[in-house]
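target-v9.tsv follows (TSV, N, CA and C atoms):
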```tsv
chain	number	residue	atom	x	y	z
A	1	MET	N	22.05	-8.37	5.62
A	1	MET	CA	21.64	-7.01	5.28
A	1	MET	C	21.27	-6.28	6.56
A	2	ASP	N	21.55	-4.98	6.57
A	2	ASP	CA	21.11	-4.19	7.72
A	2	ASP	C	19.66	-3.76	7.49
A	3	ALA	N	19.08	-3.09	8.48
A	3	ALA	CA	17.65	-2.75	8.43
A	3	ALA	C	17.31	-1.84	7.24
A	4	SER	N	18.13	-0.84	6.98
A	4	SER	CA	17.82	0.05	5.86
A	4	SER	C	17.92	-0.68	4.52
A	5	GLN	N	18.84	-1.60	4.40
A	5	GLN	CA	18.95	-2.38	3.16
A	5	GLN	C	17.74	-3.29	2.98
A	6	LYS	N	17.22	-3.82	4.06
A	6	LYS	CA	16.00	-4.64	3.97
A	6	LYS	C	14.83	-3.80	3.46
A	7	LEU	N	14.72	-2.56	3.94
A	7	LEU	CA	13.65	-1.69	3.44
A	7	LEU	C	13.83	-1.38	1.96
A	8	LYS	N	15.04	-1.11	1.55
A	8	LYS	CA	15.31	-0.85	0.14
A	8	LYS	C	14.95	-2.07	-0.71
A	9	HIS	N	15.22	-3.25	-0.20
A	9	HIS	CA	14.87	-4.48	-0.90
A	9	HIS	C	13.35	-4.62	-1.01
A	10	LEU	N	12.64	-4.33	0.08
A	10	LEU	CA	11.17	-4.39	0.05
A	10	LEU	C	10.60	-3.40	-0.97
A	11	ILE	N	11.21	-2.24	-1.07
A	11	ILE	CA	10.76	-1.24	-2.05
A	11	ILE	C	10.98	-1.75	-3.47
A	12	LEU	N	12.14	-2.33	-3.74
A	12	LEU	CA	12.40	-2.88	-5.07
A	12	LEU	C	11.49	-4.06	-5.39
A	13	LEU	N	11.18	-4.87	-4.38
A	13	LEU	CA	10.24	-5.97	-4.58
A	13	LEU	C	8.85	-5.46	-4.92
A	14	LYS	N	8.42	-4.39	-4.26
A	14	LYS	CA	7.11	-3.79	-4.56
A	14	LYS	C	7.08	-3.30	-6.00
A	15	LEU	N	8.15	-2.65	-6.43
A	15	LEU	CA	8.23	-2.19	-7.82
A	15	LEU	C	8.17	-3.35	-8.81
A	16	ALA	N	8.90	-4.40	-8.50
A	16	ALA	CA	8.90	-5.57	-9.38
A	16	ALA	C	7.49	-6.18	-9.47
A	17	GLU	N	6.79	-6.19	-8.35
A	17	GLU	CA	5.42	-6.72	-8.32
A	17	GLU	C	4.51	-5.86	-9.19
A	18	TRP	N	4.62	-4.56	-9.08
A	18	TRP	CA	3.77	-3.65	-9.85
A	18	TRP	C	4.09	-3.69	-11.34
A	19	ASP	N	5.38	-3.72	-11.68
A	19	ASP	CA	5.80	-3.63	-13.07
A	19	ASP	C	5.92	-4.98	-13.77
A	20	GLY	N	5.87	-6.06	-13.00
A	20	GLY	CA	6.04	-7.37	-13.58
A	20	GLY	C	7.47	-7.64	-14.05
A	21	ARG	N	8.41	-6.93	-13.48
A	21	ARG	CA	9.81	-7.12	-13.88
A	21	ARG	C	10.52	-8.08	-12.93
A	22	GLU	N	11.60	-8.63	-13.42
A	22	GLU	CA	12.42	-9.52	-12.59
A	22	GLU	C	13.58	-8.76	-12.02
A	23	LEU	N	13.87	-9.03	-10.76
A	23	LEU	CA	15.01	-8.41	-10.12
A	23	LEU	C	16.23	-9.32	-10.25
A	24	PRO	N	17.41	-8.73	-10.36
A	24	PRO	CA	18.61	-9.56	-10.31
A	24	PRO	C	18.77	-10.11	-8.89
A	25	PRO	N	19.63	-11.08	-8.69
A	25	PRO	CA	19.87	-11.55	-7.32
A	25	PRO	C	20.33	-10.36	-6.45
A	26	ILE	N	19.69	-10.21	-5.29
A	26	ILE	CA	19.98	-9.07	-4.42
A	26	ILE	C	20.79	-9.52	-3.23
A	27	THR	N	21.87	-8.80	-2.97
A	27	THR	CA	22.74	-9.10	-1.84
A	27	THR	C	23.01	-7.81	-1.08
A	28	ALA	N	23.64	-7.95	0.08
A	28	ALA	CA	24.02	-6.78	0.87
A	28	ALA	C	25.03	-5.92	0.11
A	29	GLU	N	25.77	-6.52	-0.80
A	29	GLU	CA	26.79	-5.79	-1.56
A	29	GLU	C	26.20	-4.98	-2.71
A	30	ASN	N	25.06	-5.39	-3.28
A	30	ASN	CA	24.54	-4.67	-4.44
A	30	ASN	C	23.23	-3.93	-4.20
A	31	ILE	N	22.59	-4.10	-3.05
A	31	ILE	CA	21.27	-3.50	-2.83
A	31	ILE	C	21.30	-1.98	-2.88
A	32	ASP	N	22.30	-1.36	-2.26
A	32	ASP	CA	22.36	0.10	-2.24
A	32	ASP	C	22.49	0.66	-3.65
A	33	ARG	N	23.33	0.05	-4.48
A	33	ARG	CA	23.52	0.51	-5.85
A	33	ARG	C	22.24	0.34	-6.67
A	34	LEU	N	21.60	-0.84	-6.57
A	34	LEU	CA	20.37	-1.09	-7.31
A	34	LEU	C	19.26	-0.13	-6.90
A	35	TYR	N	19.19	0.15	-5.62
A	35	TYR	CA	18.18	1.07	-5.11
A	35	TYR	C	18.41	2.48	-5.64
A	36	GLU	N	19.63	2.95	-5.58
A	36	GLU	CA	19.95	4.30	-6.05
A	36	GLU	C	19.74	4.46	-7.56
A	37	GLU	N	19.97	3.40	-8.32
A	37	GLU	CA	19.83	3.46	-9.77
A	37	GLU	C	18.38	3.47	-10.23
A	38	ASP	N	17.46	3.01	-9.39
A	38	ASP	CA	16.05	2.90	-9.81
A	38	ASP	C	15.36	4.25	-9.73
A	39	GLU	N	14.95	4.76	-10.85
A	39	GLU	CA	14.31	6.08	-10.93
A	39	GLU	C	12.80	6.02	-10.65
A	40	GLU	N	12.21	4.84	-10.62
A	40	GLU	CA	10.76	4.70	-10.48
A	40	GLU	C	10.33	4.32	-9.07
A	41	LYS	N	11.19	4.48	-8.09
A	41	LYS	CA	10.95	3.96	-6.74
A	41	LYS	C	10.04	4.82	-5.87
A	42	TRP	N	9.70	6.03	-6.26
A	42	TRP	CA	9.05	6.98	-5.36
A	42	TRP	C	7.67	6.55	-4.91
A	43	ASP	N	6.87	5.97	-5.76
A	43	ASP	CA	5.54	5.50	-5.34
A	43	ASP	C	5.66	4.32	-4.37
A	44	ALA	N	6.62	3.45	-4.61
A	44	ALA	CA	6.82	2.30	-3.71
A	44	ALA	C	7.33	2.77	-2.35
A	45	ILE	N	8.17	3.79	-2.34
A	45	ILE	CA	8.64	4.36	-1.07
A	45	ILE	C	7.46	4.91	-0.30
A	46	SER	N	6.62	5.65	-0.98
A	46	SER	CA	5.44	6.24	-0.35
A	46	SER	C	4.51	5.16	0.19
A	47	GLU	N	4.37	4.07	-0.54
A	47	GLU	CA	3.51	2.96	-0.13
A	47	GLU	C	4.02	2.30	1.15
A	48	LEU	N	5.31	2.14	1.27
A	48	LEU	CA	5.90	1.44	2.42
A	48	LEU	C	6.04	2.35	3.64
A	49	ARG	N	6.15	3.65	3.44
A	49	ARG	CA	6.49	4.60	4.49
A	49	ARG	C	5.61	4.51	5.73
A	50	SER	N	4.33	4.25	5.57
A	50	SER	CA	3.42	4.19	6.74
A	50	SER	C	3.47	2.85	7.47
A	51	GLY	N	4.21	1.88	6.92
A	51	GLY	CA	4.41	0.61	7.61
A	51	GLY	C	3.25	-0.36	7.45
A	52	GLU	N	3.47	-1.58	7.92
A	52	GLU	CA	2.43	-2.61	7.92
A	52	GLU	C	1.66	-2.62	9.23
A	53	VAL	N	2.40	-2.43	10.34
A	53	VAL	CA	1.79	-2.46	11.67
A	53	VAL	C	2.43	-1.39	12.56
A	54	GLU	N	1.65	-0.90	13.52
A	54	GLU	CA	2.21	-0.02	14.55
A	54	GLU	C	2.83	-0.91	15.62
A	55	THR	N	4.00	-0.52	16.11
A	55	THR	CA	4.70	-1.34	17.09
A	55	THR	C	4.48	-0.88	18.53
A	56	GLY	N	4.15	0.38	18.72
A	56	GLY	CA	4.01	0.90	20.07
A	56	GLY	C	5.34	1.20	20.74
A	57	LEU	N	6.45	1.06	20.02
A	57	LEU	CA	7.77	1.37	20.57
A	57	LEU	C	7.90	2.88	20.76
A	58	PRO	N	8.79	3.31	21.65
A	58	PRO	CA	8.97	4.75	21.87
A	58	PRO	C	9.46	5.45	20.61
A	59	THR	N	9.05	6.69	20.45
A	59	THR	CA	9.44	7.49	19.28
A	59	THR	C	10.10	8.78	19.75
A	60	PRO	N	10.89	9.40	18.90
A	60	PRO	CA	11.50	10.68	19.28
A	60	PRO	C	10.47	11.80	19.27
A	61	TYR	N	10.76	12.85	19.97
A	61	TYR	CA	9.91	14.04	19.95
A	61	TYR	C	10.11	14.76	18.63
A	62	ALA	N	9.02	15.19	18.03
A	62	ALA	CA	9.09	15.98	16.80
A	62	ALA	C	8.19	17.20	17.00
A	63	ARG	N	8.77	18.34	16.97
A	63	ARG	CA	8.05	19.57	17.30
A	63	ARG	C	6.85	19.83	16.38
A	64	TYR	N	7.01	19.59	15.10
A	64	TYR	CA	5.96	19.95	14.16
A	64	TYR	C	5.17	18.78	13.59
A	65	PHE	N	5.50	17.55	13.99
A	65	PHE	CA	4.85	16.39	13.41
A	65	PHE	C	4.39	15.41	14.48
A	66	GLU	N	3.48	14.55	14.11
A	66	GLU	CA	3.12	13.39	14.91
A	66	GLU	C	4.09	12.28	14.49
A	67	VAL	N	4.41	11.38	15.41
A	67	VAL	CA	5.33	10.29	15.10
A	67	VAL	C	4.79	9.01	15.70
A	68	LYS	N	4.83	7.94	14.92
A	68	LYS	CA	4.52	6.63	15.48
A	68	LYS	C	5.54	5.62	14.95
A	69	ALA	N	5.82	4.63	15.78
A	69	ALA	CA	6.75	3.58	15.39
A	69	ALA	C	5.98	2.52	14.61
A	70	VAL	N	6.49	2.17	13.45
A	70	VAL	CA	5.84	1.19	12.59
A	70	VAL	C	6.87	0.14	12.16
A	71	ALA	N	6.38	-0.94	11.59
A	71	ALA	CA	7.28	-2.00	11.15
A	71	ALA	C	6.70	-2.73	9.95
A	72	ALA	N	7.57	-3.46	9.26
A	72	ALA	CA	7.18	-4.31	8.14
A	72	ALA	C	7.96	-5.61	8.24
A	73	LYS	N	7.34	-6.67	7.78
A	73	LYS	CA	7.98	-7.98	7.79
A	73	LYS	C	8.81	-8.15	6.53
A	74	TYR	N	10.07	-8.52	6.74
A	74	TYR	CA	10.98	-8.75	5.62
A	74	TYR	C	10.77	-10.17	5.09
A	75	ILE	N	11.30	-10.46	3.91
A	75	ILE	CA	11.05	-11.75	3.25
A	75	ILE	C	11.62	-12.95	4.00
A	76	ASP	N	12.60	-12.72	4.87
A	76	ASP	CA	13.17	-13.84	5.62
A	76	ASP	C	12.46	-14.07	6.95
A	77	GLY	N	11.38	-13.32	7.20
A	77	GLY	CA	10.60	-13.49	8.43
A	77	GLY	C	11.01	-12.54	9.54
A	78	THR	N	12.11	-11.80	9.37
A	78	THR	CA	12.49	-10.81	10.37
A	78	THR	C	11.67	-9.54	10.17
A	79	TRP	N	11.70	-8.66	11.15
A	79	TRP	CA	10.93	-7.42	11.09
A	79	TRP	C	11.87	-6.23	11.13
A	80	VAL	N	11.49	-5.18	10.42
A	80	VAL	CA	12.24	-3.93	10.38
A	80	VAL	C	11.31	-2.82	10.86
A	81	GLY	N	11.81	-1.97	11.75
A	81	GLY	CA	11.01	-0.87	12.26
A	81	GLY	C	11.60	0.48	11.90
A	82	TRP	N	10.77	1.52	11.96
A	82	TRP	CA	11.21	2.90	11.71
A	82	TRP	C	10.15	3.84	12.27
A	83	ASN	N	10.47	5.11	12.27
A	83	ASN	CA	9.53	6.13	12.75
A	83	ASN	C	8.80	6.73	11.57
A	84	TYR	N	7.48	6.75	11.66
A	84	TYR	CA	6.61	7.31	10.62
A	84	TYR	C	6.16	8.70	11.07
A	85	TYR	N	6.60	9.71	10.34
A	85	TYR	CA	6.23	11.09	10.63
A	85	TYR	C	5.03	11.47	9.77
A	86	TYR	N	4.05	12.14	10.37
A	86	TYR	CA	2.86	12.55	9.63
A	86	TYR	C	2.28	13.81	10.28
A	87	GLY	N	1.28	14.39	9.62
A	87	GLY	CA	0.64	15.59	10.15
A	87	GLY	C	1.50	16.82	9.89
A	88	GLY	N	1.35	17.81	10.77
A	88	GLY	CA	2.18	19.00	10.66
A	88	GLY	C	1.53	20.18	9.97
A	89	GLY	N	0.35	20.01	9.45
A	89	GLY	CA	-0.33	21.15	8.85
A	89	GLY	C	-0.19	21.23	7.34
A	90	LYS	N	-0.84	22.25	6.82
A	90	LYS	CA	-1.00	22.43	5.38
A	90	LYS	C	0.30	22.51	4.59
A	91	HIS	N	1.30	23.20	5.11
A	91	HIS	CA	2.51	23.44	4.34
A	91	HIS	C	3.69	22.57	4.77
A	92	SER	N	3.43	21.56	5.56
A	92	SER	CA	4.53	20.71	6.03
A	92	SER	C	4.78	19.56	5.05
A	93	GLU	N	5.93	18.95	5.17
A	93	GLU	CA	6.29	17.81	4.33
A	93	GLU	C	6.90	16.71	5.17
A	94	PRO	N	6.09	15.98	5.94
A	94	PRO	CA	6.66	14.91	6.76
A	94	PRO	C	7.30	13.81	5.92
A	95	GLU	N	6.86	13.65	4.68
A	95	GLU	CA	7.45	12.62	3.83
A	95	GLU	C	8.89	12.94	3.43
A	96	ALA	N	9.32	14.18	3.63
A	96	ALA	CA	10.69	14.57	3.31
A	96	ALA	C	11.68	14.17	4.40
A	97	ILE	N	11.18	13.78	5.57
A	97	ILE	CA	12.07	13.38	6.66
A	97	ILE	C	12.67	12.02	6.34
A	98	GLU	N	13.98	11.91	6.47
A	98	GLU	CA	14.68	10.65	6.19
A	98	GLU	C	14.25	9.59	7.18
A	99	TRP	N	13.80	8.48	6.69
A	99	TRP	CA	13.36	7.39	7.58
A	99	TRP	C	14.02	6.07	7.23
A	100	ILE	N	14.40	5.87	6.00
A	100	ILE	CA	14.99	4.59	5.60
A	100	ILE	C	16.34	4.38	6.28
A	101	ASP	N	17.17	5.40	6.30
A	101	ASP	CA	18.49	5.27	6.92
A	101	ASP	C	18.41	5.18	8.44
A	102	GLU	N	17.24	5.52	9.01
A	102	GLU	CA	17.05	5.46	10.46
A	102	GLU	C	16.36	4.16	10.89
A	103	ALA	N	16.17	3.23	9.98
A	103	ALA	CA	15.47	1.97	10.28
A	103	ALA	C	16.28	1.12	11.25
A	104	TYR	N	15.58	0.25	11.94
A	104	TYR	CA	16.22	-0.63	12.92
A	104	TYR	C	15.53	-1.99	12.90
A	105	ASP	N	16.27	-3.02	13.27
A	105	ASP	CA	15.69	-4.36	13.38
A	105	ASP	C	14.87	-4.43	14.66
A	106	VAL	N	13.75	-5.14	14.61
A	106	VAL	CA	12.92	-5.32	15.80
A	106	VAL	C	12.63	-6.80	16.02
A	107	ALA	N	12.53	-7.16	17.28
A	107	ALA	CA	12.13	-8.52	17.64
A	107	ALA	C	10.62	-8.52	17.80
A	108	VAL	N	9.98	-9.58	17.35
A	108	VAL	CA	8.53	-9.68	17.41
A	108	VAL	C	8.15	-11.00	18.07
A	109	LYS	N	7.23	-10.93	18.99
A	109	LYS	CA	6.66	-12.13	19.59
A	109	LYS	C	5.20	-12.17	19.15
A	110	GLU	N	4.89	-13.15	18.33
A	110	GLU	CA	3.52	-13.29	17.84
A	110	GLU	C	2.81	-14.37	18.64
A	111	GLU	N	1.56	-14.08	18.94
A	111	GLU	CA	0.76	-15.01	19.72
A	111	GLU	C	-0.68	-14.91	19.24
A	112	GLU	N	-1.25	-16.02	18.85
A	112	GLU	CA	-2.63	-16.03	18.42
A	112	GLU	C	-3.51	-16.17	19.65
A	113	LYS	N	-4.55	-15.32	19.74
A	113	LYS	CA	-5.43	-15.35	20.90
A	113	LYS	C	-6.87	-15.46	20.44
A	114	LEU	N	-7.65	-16.19	21.20
A	114	LEU	CA	-9.08	-16.28	20.96
A	114	LEU	C	-9.74	-15.14	21.72
A	115	VAL	N	-10.53	-14.35	21.05
A	115	VAL	CA	-11.16	-13.19	21.67
A	115	VAL	C	-12.67	-13.33	21.59
A	116	LEU	N	-13.32	-13.12	22.70
A	116	LEU	CA	-14.78	-13.14	22.76
A	116	LEU	C	-15.26	-11.71	22.75
A	117	VAL	N	-16.11	-11.38	21.80
A	117	VAL	CA	-16.64	-10.03	21.68
A	117	VAL	C	-18.14	-10.10	21.86
A	118	ARG	N	-18.69	-9.25	22.75
A	118	ARG	CA	-20.13	-9.20	22.99
A	118	ARG	C	-20.65	-7.83	22.59
A	119	GLU	N	-21.79	-7.82	21.92
A	119	GLU	CA	-22.48	-6.57	21.61
A	119	GLU	C	-23.85	-6.64	22.23
A	120	PHE	N	-24.20	-5.64	22.98
A	120	PHE	CA	-25.49	-5.59	23.66
A	120	PHE	C	-26.36	-4.51	23.04
A	121	SER	N	-27.67	-4.75	23.04
A	121	SER	CA	-28.62	-3.72	22.65
A	121	SER	C	-29.84	-3.85	23.55
A	122	LYS	N	-30.48	-2.77	23.77
A	122	LYS	CA	-31.63	-2.74	24.66
A	122	LYS	C	-32.85	-3.32	23.94
A	123	ILE	N	-33.60	-4.16	24.64
A	123	ILE	CA	-34.81	-4.74	24.08
A	123	ILE	C	-35.96	-3.80	24.43
A	124	THR	N	-36.62	-3.34	23.42
A	124	THR	CA	-37.76	-2.47	23.69
A	124	THR	C	-39.02	-3.32	23.81
A	125	ALA	N	-39.87	-2.94	24.74
A	125	ALA	CA	-41.11	-3.69	24.99
A	125	ALA	C	-42.06	-3.50	23.82
A	126	ILE	N	-42.71	-4.58	23.45
A	126	ILE	CA	-43.70	-4.53	22.38
A	126	ILE	C	-45.06	-4.25	23.04
A	127	PRO	N	-45.81	-3.26	22.58
A	127	PRO	CA	-47.13	-2.95	23.17
A	127	PRO	C	-48.05	-4.16	23.09
A	128	GLU	N	-48.88	-4.30	24.12
A	128	GLU	CA	-49.81	-5.42	24.17
A	128	GLU	C	-50.74	-5.37	22.97
A	129	GLY	N	-50.87	-6.51	22.34
A	129	GLY	CA	-51.74	-6.58	21.16
A	129	GLY	C	-51.05	-6.07	19.91
A	130	GLY	N	-49.84	-5.60	20.04
A	130	GLY	CA	-49.09	-5.09	18.89
A	130	GLY	C	-48.44	-6.22	18.11
A	131	ALA	N	-48.04	-5.94	16.93
A	131	ALA	CA	-47.36	-6.93	16.09
A	131	ALA	C	-45.92	-7.06	16.54
A	132	ALA	N	-45.41	-8.25	16.42
A	132	ALA	CA	-44.04	-8.49	16.82
A	132	ALA	C	-43.07	-8.08	15.76
```

As a first step, turn the structure in this file into structure tokens.
Amino acid sequence: MDASQKLKHLILLKLAEWDGRELPPITAENIDRLYEEDEEKWDAISELRSGEVETGLPTPYARYFEVKAVAAKYIDGTWVGWNYYYGGGKHSEPEAIEWIDEAYDVAVKEEEKLVLVREFSKITAIPEGGAA
């Protein structure tokens, strides 16, 4: 499957999870048809549109919107990325910008790291003879 087909599959899987329905076997040959035939996909599209993680990859310039590169993990462990458009003011519709067909495969290097976090606060002096 190409990147856009993987996103369509993730959307159908989200719908199946919400509705408790079973999906037929999905292949690269039938995913586009199944996706187009589903009339209830809009909430799942909206849910996926903002992505699972920000990738920090370069994004195109958009005059009226903010753009960030985001990605989601596909069921086979690969990752799919796309540009998430948002903002633009009261009368804009960033959700109307086509993003599924512009999706791309991304390589991911995951590394678990141990992080030490310190929080400091100032100790105030207790007056002599005062309660602790």

Please, which residues are within 7 Å of (5.2, -1.6, 17.3) by the file's coordinates, counting only C-alpha atoms, and could they come as a PDB file with N, CA and C atoms, in the coordinates of the input?
```pdb
ATOM      1  N   VAL A  53       2.400  -2.430  10.340  1.00  0.00           N
ATOM      2  CA  VAL A  53       1.790  -2.460  11.670  1.00  0.00           C
ATOM      3  C   VAL A  53       2.430  -1.390  12.560  1.00  0.00           C
ATOM      4  N   GLU A  54       1.650  -0.900  13.520  1.00  0.00           N
ATOM      5  CA  GLU A  54       2.210  -0.020  14.550  1.00  0.00           C
ATOM      6  C   GLU A  54       2.830  -0.910  15.620  1.00  0.00           C
ATOM      7  N   THR A  55       4.000  -0.520  16.110  1.00  0.00           N
ATOM      8  CA  THR A  55       4.700  -1.340  17.090  1.00  0.00           C
ATOM      9  C   THR A  55       4.480  -0.880  18.530  1.00  0.00           C
ATOM     10  N   GLY A  56       4.150   0.380  18.720  1.00  0.00           N
ATOM     11  CA  GLY A  56       4.010   0.900  20.070  1.00  0.00           C
ATOM     12  C   GLY A  56       5.340   1.200  20.740  1.00  0.00           C
ATOM     13  N   LEU A  57       6.450   1.060  20.020  1.00  0.00           N
ATOM     14  CA  LEU A  57       7.770   1.370  20.570  1.00  0.00           C
ATOM     15  C   LEU A  57       7.900   2.880  20.760  1.00  0.00           C
ATOM     16  N   ALA A  69       5.820   4.630  15.780  1.00  0.00           N
ATOM     17  CA  ALA A  69       6.750   3.580  15.390  1.00  0.00           C
ATOM     18  C   ALA A  69       5.980   2.520  14.610  1.00  0.00           C
ATOM     19  N   VAL A  70       6.490   2.170  13.450  1.00  0.00           N
ATOM     20  CA  VAL A  70       5.840   1.190  12.590  1.00  0.00           C
ATOM     21  C   VAL A  70       6.870   0.140  12.160  1.00  0.00           C
ATOM     22  N   ALA A  71       6.380  -0.940  11.590  1.00  0.00           N
ATOM     23  CA  ALA A  71       7.280  -2.000  11.150  1.00  0.00           C
ATOM     24  C   ALA A  71       6.700  -2.730   9.950  1.00  0.00           C
TER      25      ALA A  71
END
```

For range 35-45 of chain A, work out the shell of residues within 6.5 Å, counting all atoms listed in the file and skipping chain neighbours fewer than 6 positions away, then give it as a VMD selection string.
chain A and resid 8 11 14 to 15

Draw an axis-aligned box over all listed atoms of range 12-26 of chain A, pad each side with 3 Å, and write its centre and edge lengths in Å, one decimal, as AutoDock Vina command-line options.
```
--center_x 12.3 --center_y -6.9 --center_z -8.6 --size_x 23.0 --size_y 15.4 --size_z 16.8
```

Which of chain A end up as alpha helix (DSSP H) when DSSP is run on this backbone - answer as JSON, numbers by chain?
{"A": [3, 4, 5, 6, 7, 8, 9, 10, 11, 12, 13, 14, 15, 16, 17, 18, 19, 31, 32, 33, 34, 35, 36, 37, 42, 43, 44, 45, 46, 47, 48, 49]}

Backbone DSSP call of strand (DSSP E) for chain A, listed as a PyMOL selection string:
chain A and resi 53-54+66-73+79-86+104-106

Interatomic distance between CA of Ser92 in chain A and CA of Glu47 in chain A?
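CA of Glu47 in chain A lies 18.8 Å from CA of Ser92 in chain A.
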
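Each of A:Arg63, A:Ala103, A:Gln5, A:Gly20 was compared to Asp32 in chain A using all atoms listed in the file, and A:Gln5 turns out to be the nearest.
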
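Distance-wise, atom C of Glu93 in chain A and atom C of Trp18 in chain A end up 26.4 Å apart.
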
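Across the model, the gap from CA of Tyr85 in chain A to CA of Lys68 in chain A is 6.8 Å.
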
Taking (16.5, -10.2, -7.0) in the coordinates of the supplied file, I want to know which residues reach to within 12 Å of it, counting only C-alpha atoms; could you give the answer as a PyMOL selection string?
chain A and resi 8-17+21-28+30-31+34-35+75

Measuring atom to atom with only C-alpha atoms, identify which of A:Tyr64, A:Glu95, A:Gly81, A:Asp76 is nearest to Glu52 in chain A.
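So, comparing all the options, the nearest one is A:Gly81.
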
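Distance check against Thr59 in chain A using only C-alpha atoms: of A:Trp79, A:Tyr104, A:Tyr84, A:Phe120, the minimum falls on A:Tyr84.
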
Using all atoms listed in the file, which of A:Ser46, A:Thr78, A:Thr124, A:Asn83 sits nearest Glu98 in chain A?
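Smallest separation from Glu98 in chain A among the options: A:Asn83.
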